[in-house]
Amino acid sequence: MSDKPDFSDAKVEVKIKAKSINTENSKRDEHLRSADFFDVEKFGEITFISKKLVKSGKNTFKITGDLTMKGVTKTVTLDAEFGGMATAWGTTKAGLSLSGAVNRFDYGLSWNKAIEAGGMVVSDNVKLVIDVELDKVK
């Protein structure tokens, strides 16, 4: 939500049900939900709560907040792109697309396996892509 046209007071809160992980590969999804990765039975949510949003270009921002996965919270800064505003049924919303990357080892997601040709099965870095709707404060 935001009350200022430059979004400088925007508050973004993202909650993801860890069980909702879906890569369209059921075996991989089961493994990602296990204790090797997200341990969804113990840690049901992945969250991002913003602390600061700073304009960085015409339609771009840097948004800093706390990302929590698997019980570990780290402050991260993501890129945000303003997608526009729309009013429907008396409600005005603004769209933002957030993106960035985190090192999964920082969050205790350390499972990996070497492959025959060299290298590892899972990358250290995980790309984040989050689409957000902001409501205008009434």
# chains A, B, ... in the order shown; residues from 1 in each chain; ligands from 1

$ residues_around --residues "A:Thr77" --least-positions-apart "2" --cutoff "12 Å" --atoms "only C-alpha atoms" --output "list of chain:residue names"
A:Phe48, A:Ile49, A:Ser50, A:Lys51, A:Lys52, A:Leu53, A:Val54, A:Phe61, A:Lys62, A:Ile63, A:Thr64, A:Gly65, A:Asp66, A:Leu67, A:Lys74, A:Thr75, A:Asp79, A:Ala80, A:Leu98, A:Ser99, A:Gly100, A:Ala101, A:Val102, A:Leu128

$ write_last_selection --atoms "N, CA and C atoms" --output "short mmCIF file (atom, residue, chain, number, x, y, z; two decimals), in the first residue's frame"
data_model
loop_
_atom_site.label_atom_id
_atom_site.label_comp_id
_atom_site.auth_asym_id
_atom_site.auth_seq_id
_atom_site.Cartn_x
_atom_site.Cartn_y
_atom_site.Cartn_z
N PHE A 48 8.59 -11.77 2.48
CA PHE A 48 9.39 -10.58 2.21
C PHE A 48 8.61 -9.40 2.75
N ILE A 49 9.23 -8.63 3.64
CA ILE A 49 8.60 -7.45 4.21
C ILE A 49 9.51 -6.25 3.97
N SER A 50 8.99 -5.28 3.22
CA SER A 50 9.82 -4.14 2.83
C SER A 50 10.09 -3.21 4.01
N LYS A 51 11.25 -2.54 3.91
CA LYS A 51 11.63 -1.54 4.89
C LYS A 51 11.84 -0.17 4.23
N LYS A 52 12.24 -0.20 2.95
CA LYS A 52 12.57 1.07 2.28
C LYS A 52 12.41 0.89 0.77
N LEU A 53 11.87 1.90 0.12
CA LEU A 53 11.75 1.91 -1.34
C LEU A 53 12.31 3.24 -1.84
N VAL A 54 13.28 3.18 -2.75
CA VAL A 54 13.96 4.37 -3.25
C VAL A 54 13.89 4.39 -4.77
N PHE A 61 12.86 1.29 -9.13
CA PHE A 61 13.11 1.51 -7.71
C PHE A 61 14.05 0.45 -7.19
N LYS A 62 14.61 0.70 -6.04
CA LYS A 62 15.32 -0.29 -5.25
C LYS A 62 14.47 -0.48 -4.00
N ILE A 63 14.11 -1.71 -3.70
CA ILE A 63 13.29 -1.99 -2.53
C ILE A 63 14.08 -2.91 -1.60
N THR A 64 14.26 -2.44 -0.38
CA THR A 64 15.02 -3.18 0.63
C THR A 64 14.05 -3.72 1.67
N GLY A 65 14.26 -4.97 2.04
CA GLY A 65 13.39 -5.57 3.05
C GLY A 65 13.98 -6.85 3.59
N ASP A 66 13.22 -7.47 4.47
CA ASP A 66 13.65 -8.72 5.10
C ASP A 66 13.01 -9.90 4.40
N LEU A 67 13.86 -10.81 3.90
CA LEU A 67 13.42 -12.04 3.25
C LEU A 67 13.65 -13.17 4.25
N LYS A 74 17.18 -12.48 6.27
CA LYS A 74 18.29 -11.65 5.79
C LYS A 74 17.70 -10.42 5.10
N THR A 75 18.38 -9.29 5.23
CA THR A 75 17.98 -8.09 4.52
C THR A 75 18.52 -8.16 3.10
N ASP A 79 15.40 -5.17 -7.20
CA ASP A 79 15.02 -4.19 -8.21
C ASP A 79 13.52 -4.22 -8.37
N ALA A 80 12.90 -3.06 -8.55
CA ALA A 80 11.46 -2.98 -8.76
C ALA A 80 11.18 -2.12 -9.98
N LEU A 98 9.13 -7.13 -8.92
CA LEU A 98 10.37 -7.17 -8.16
C LEU A 98 11.25 -8.30 -8.68
N SER A 99 12.55 -8.07 -8.70
CA SER A 99 13.47 -9.13 -9.12
C SER A 99 14.81 -8.97 -8.42
N GLY A 100 15.51 -10.08 -8.32
CA GLY A 100 16.81 -10.08 -7.68
C GLY A 100 17.28 -11.52 -7.52
N ALA A 101 18.35 -11.70 -6.78
CA ALA A 101 18.88 -13.04 -6.54
C ALA A 101 19.43 -13.11 -5.13
N VAL A 102 19.36 -14.32 -4.57
CA VAL A 102 19.93 -14.58 -3.24
C VAL A 102 20.75 -15.86 -3.31
N LEU A 128 14.84 -14.47 -7.87
CA LEU A 128 13.52 -14.14 -7.35
C LEU A 128 12.79 -13.25 -8.34
#

$ select_by_dssp --residues "stretch 11-89 of chain A" --states "strand (DSSP E)" --output "VMD selection string"
chain A and resid 13 to 17 45 to 55 60 to 69 72 to 88

$ write_last_selection --atoms "N, CA and C atoms" --output "tab-separated table (two decimals), in the first residue's frame"
chain	number	residue	atom	x	y	z
A	13	GLU	N	4.37	-6.43	1.51
A	13	GLU	CA	4.47	-7.64	2.31
A	13	GLU	C	4.05	-8.81	1.42
A	14	VAL	N	4.98	-9.74	1.23
A	14	VAL	CA	4.73	-10.91	0.39
A	14	VAL	C	4.78	-12.15	1.27
A	15	LYS	N	3.74	-12.98	1.18
A	15	LYS	CA	3.71	-14.25	1.90
A	15	LYS	C	3.46	-15.36	0.89
A	16	ILE	N	4.35	-16.32	0.89
A	16	ILE	CA	4.26	-17.45	-0.04
A	16	ILE	C	4.11	-18.72	0.79
A	17	LYS	N	3.10	-19.51	0.50
A	17	LYS	CA	2.98	-20.81	1.16
A	17	LYS	C	4.03	-21.72	0.55
A	45	GLU	N	5.93	-20.81	5.57
A	45	GLU	CA	5.87	-19.59	4.74
A	45	GLU	C	7.26	-19.07	4.39
A	46	ILE	N	7.31	-18.46	3.24
A	46	ILE	CA	8.45	-17.66	2.80
A	46	ILE	C	7.91	-16.24	2.75
A	47	THR	N	8.60	-15.28	3.38
A	47	THR	CA	8.07	-13.92	3.43
A	47	THR	C	9.11	-12.88	3.00
A	48	PHE	N	8.59	-11.77	2.48
A	48	PHE	CA	9.39	-10.58	2.21
A	48	PHE	C	8.61	-9.40	2.75
A	49	ILE	N	9.23	-8.63	3.64
A	49	ILE	CA	8.60	-7.45	4.21
A	49	ILE	C	9.51	-6.25	3.97
A	50	SER	N	8.99	-5.28	3.22
A	50	SER	CA	9.82	-4.14	2.83
A	50	SER	C	10.09	-3.21	4.01
A	51	LYS	N	11.25	-2.54	3.91
A	51	LYS	CA	11.63	-1.54	4.89
A	51	LYS	C	11.84	-0.17	4.23
A	52	LYS	N	12.24	-0.20	2.95
A	52	LYS	CA	12.57	1.07	2.28
A	52	LYS	C	12.41	0.89	0.77
A	53	LEU	N	11.87	1.90	0.12
A	53	LEU	CA	11.75	1.91	-1.34
A	53	LEU	C	12.31	3.24	-1.84
A	54	VAL	N	13.28	3.18	-2.75
A	54	VAL	CA	13.96	4.37	-3.25
A	54	VAL	C	13.89	4.39	-4.77
A	55	LYS	N	13.48	5.52	-5.33
A	55	LYS	CA	13.40	5.66	-6.79
A	55	LYS	C	14.82	5.62	-7.36
A	60	THR	N	11.73	2.91	-12.15
A	60	THR	CA	12.42	1.85	-11.42
A	60	THR	C	12.74	2.29	-9.99
A	61	PHE	N	12.86	1.29	-9.13
A	61	PHE	CA	13.11	1.51	-7.71
A	61	PHE	C	14.05	0.45	-7.19
A	62	LYS	N	14.61	0.70	-6.04
A	62	LYS	CA	15.32	-0.29	-5.25
A	62	LYS	C	14.47	-0.48	-4.00
A	63	ILE	N	14.11	-1.71	-3.70
A	63	ILE	CA	13.29	-1.99	-2.53
A	63	ILE	C	14.08	-2.91	-1.60
A	64	THR	N	14.26	-2.44	-0.38
A	64	THR	CA	15.02	-3.18	0.63
A	64	THR	C	14.05	-3.72	1.67
A	65	GLY	N	14.26	-4.97	2.04
A	65	GLY	CA	13.39	-5.57	3.05
A	65	GLY	C	13.98	-6.85	3.59
A	66	ASP	N	13.22	-7.47	4.47
A	66	ASP	CA	13.65	-8.72	5.10
A	66	ASP	C	13.01	-9.90	4.40
A	67	LEU	N	13.86	-10.81	3.90
A	67	LEU	CA	13.42	-12.04	3.25
A	67	LEU	C	13.65	-13.17	4.25
A	68	THR	N	12.59	-13.94	4.53
A	68	THR	CA	12.69	-15.06	5.46
A	68	THR	C	12.36	-16.35	4.72
A	69	MET	N	13.30	-17.28	4.75
A	69	MET	CA	13.11	-18.62	4.21
A	69	MET	C	13.70	-19.61	5.20
A	72	VAL	N	15.28	-18.42	8.43
A	72	VAL	CA	16.41	-17.49	8.39
A	72	VAL	C	15.97	-16.20	7.73
A	73	THR	N	16.24	-15.07	8.38
A	73	THR	CA	15.88	-13.75	7.84
A	73	THR	C	17.14	-12.99	7.49
A	74	LYS	N	17.18	-12.48	6.27
A	74	LYS	CA	18.29	-11.65	5.79
A	74	LYS	C	17.70	-10.42	5.10
A	75	THR	N	18.38	-9.29	5.23
A	75	THR	CA	17.98	-8.09	4.52
A	75	THR	C	18.52	-8.16	3.10
A	76	VAL	N	17.63	-7.94	2.13
A	76	VAL	CA	18.00	-7.97	0.72
A	76	VAL	C	17.47	-6.71	0.04
A	77	THR	N	18.11	-6.34	-1.06
A	77	THR	CA	17.63	-5.24	-1.90
A	77	THR	C	17.29	-5.82	-3.27
A	78	LEU	N	16.06	-5.57	-3.69
A	78	LEU	CA	15.57	-6.06	-4.97
A	78	LEU	C	15.33	-4.89	-5.91
A	79	ASP	N	15.40	-5.17	-7.20
A	79	ASP	CA	15.02	-4.19	-8.21
A	79	ASP	C	13.52	-4.22	-8.37
A	80	ALA	N	12.90	-3.06	-8.55
A	80	ALA	CA	11.46	-2.98	-8.76
A	80	ALA	C	11.18	-2.12	-9.98
A	81	GLU	N	10.24	-2.58	-10.79
A	81	GLU	CA	9.83	-1.82	-11.98
A	81	GLU	C	8.34	-1.53	-11.89
A	82	PHE	N	8.00	-0.25	-12.04
A	82	PHE	CA	6.61	0.19	-11.99
A	82	PHE	C	5.92	-0.21	-13.29
A	83	GLY	N	4.81	-0.93	-13.16
A	83	GLY	CA	4.10	-1.41	-14.34
A	83	GLY	C	2.89	-0.59	-14.73
A	84	GLY	N	2.49	0.36	-13.89
A	84	GLY	CA	1.35	1.21	-14.20
A	84	GLY	C	0.32	1.18	-13.09
A	85	MET	N	-0.73	2.02	-13.28
A	85	MET	CA	-1.81	2.11	-12.31
A	85	MET	C	-3.13	1.84	-13.00
A	86	ALA	N	-4.07	1.30	-12.24
A	86	ALA	CA	-5.40	1.04	-12.78
A	86	ALA	C	-6.42	1.22	-11.67
A	87	THR	N	-7.60	1.69	-12.06
A	87	THR	CA	-8.70	1.83	-11.12
A	87	THR	C	-9.85	0.97	-11.60
A	88	ALA	N	-10.34	0.13	-10.72
A	88	ALA	CA	-11.48	-0.72	-11.03
A	88	ALA	C	-12.33	-0.86	-9.79

$ atom_distance --atom1 "atom CA of A:Ser26" --atom2 "atom CA of A:Val132"
26.9 Å

$ atom_distance --atom1 "atom CA of A:Asn103" --atom2 "atom CA of A:Val126"
6.2 Å

$ select_by_dssp --residues "chain A" --states "helix (DSSP H, G or I)" --output "list of chain:residue names"
A:Ala18, A:Lys19, A:Ser20, A:Ser26, A:Lys27, A:Arg28, A:Asp29, A:Glu30, A:His31, A:Leu32, A:Arg33, A:Arg104, A:Phe105, A:Asp106, A:Tyr107

$ write_last_selection --atoms "C-alpha atoms" --output "short mmCIF file (atom, residue, chain, number, x, y, z; two decimals), in the first residue's frame"
data_model
loop_
_atom_site.label_atom_id
_atom_site.label_comp_id
_atom_site.auth_asym_id
_atom_site.auth_seq_id
_atom_site.Cartn_x
_atom_site.Cartn_y
_atom_site.Cartn_z
CA ALA A 18 6.06 -22.99 0.90
CA LYS A 19 3.89 -25.99 -0.03
CA SER A 20 2.78 -24.12 -3.16
CA SER A 26 6.18 -33.61 -9.15
CA LYS A 27 9.33 -35.48 -8.05
CA ARG A 28 11.38 -32.29 -8.01
CA ASP A 29 8.57 -30.46 -6.17
CA GLU A 30 8.47 -33.20 -3.50
CA HIS A 31 12.24 -32.88 -3.04
CA LEU A 32 12.05 -29.08 -2.82
CA ARG A 33 9.34 -29.38 -0.15
CA ARG A 104 20.47 -20.21 -1.10
CA PHE A 105 23.22 -21.25 1.33
CA ASP A 106 22.50 -18.06 3.31
CA TYR A 107 19.08 -19.56 4.11
#

$ closest_residue --among "A:Glu24, A:Glu133, A:Leu109, A:Asp36" --to "A:Lys93" --atoms "only C-alpha atoms"
A:Glu133

$ atom_distance --atom1 "atom CA of A:Trp89" --atom2 "atom CA of A:Asp131"
21.1 Å

$ closest_residue --among "A:Asn25, A:Trp111, A:Gly71, A:Leu96" --to "A:Val40" --atoms "only C-alpha atoms"
A:Gly71
